[in-house]
Amino acid sequence: MPLPFRRTRTARALRIAALVMLLSAGTALAVREGHAVGLMPERSWGPWTDGGIEGWSTHVRVNAWGDAAQADIHFGKAEDLTLRAYGTTARVTSMMEPTVFTLTPDGRLTARRLSPP
């Protein structure tokens, strides 16, 4: 009688181990691709780097664990923009000065001023 119990116990342990491995692989892939950025701890983000582009003040940081970057863009007190490139490139257009900002997940921020109509 103890032999079937052992088989069931071993089979159950193998199923649990396989499930844990699948969940771990899925979680690692989601983090790597930038899909789980909101779940990452604050310490996984690098420091904010300050800069300027087209007369705008910029602050950019990159996540060390995944494919993600964040940017805060300011034009004085007149306009504030936020970009979150989590796994894909993010774009935003300013309202005051027609400029298109693009942020890539590796932290590269570019700007293109639109010509007036």
# chains A, B, ... in the order shown; residues from 1 in each chain; ligands from 1
call {"tool": "residues_around", "arguments": {"residues": "Ala90 (chain A)", "least_positions_apart": "6", "cutoff": "7 Å", "atoms": "only C-alpha atoms", "output": "count of residues only"}}
result
5
call {"tool": "select_by_dssp", "arguments": {"residues": "chain A", "states": "alpha helix (DSSP H)", "output": "JSON, numbers by chain"}}
result
{"A": [2, 3, 4, 5, 6, 7, 8, 9, 10, 11, 12, 13, 14, 15, 16, 17, 18, 19, 20, 21, 22, 23, 24, 25, 26, 27, 28, 29, 30, 31, 32, 33]}
call {"tool": "residues_around", "arguments": {"residues": "Asp50 (chain A)", "least_positions_apart": "2", "cutoff": "12 Å", "atoms": "only C-alpha atoms", "output": "list of chain:residue names"}}
result
A:Pro47, A:Trp48, A:Gly52, A:Ile53, A:Trp56, A:Ser57, A:Thr58, A:His59, A:Val60, A:Arg61, A:Ala71, A:Asp72, A:Ile73, A:His74, A:Leu109
call {"tool": "residues_around", "arguments": {"residues": "Ala85 (chain A)", "least_positions_apart": "2", "cutoff": "10 Å", "atoms": "only C-alpha atoms", "output": "list of chain:residue names"}}
result
A:Gly34, A:Val37, A:Val62, A:Asp67, A:Ala68, A:Ala69, A:Gln70, A:Ala71, A:Leu83, A:Gly87, A:Thr88, A:Thr89, A:Ala90, A:Arg91, A:Thr102, A:Leu103, A:Thr104, A:Pro105, A:Asp106, A:Gly107
call {"tool": "closest_residue", "arguments": {"among": "A:Ser115, A:Ala13, A:Phe75, A:Thr93", "to": "Glu54 (chain A)", "atoms": "only C-alpha atoms"}}
result
A:Phe75
call {"tool": "select_by_dssp", "arguments": {"residues": "chain A", "states": "strand (DSSP E or B)", "output": "VMD selection string"}}
result
chain A and resid 45 49 to 53 56 to 63 68 to 75 79 to 86 90 to 93 99 to 103 109 to 113
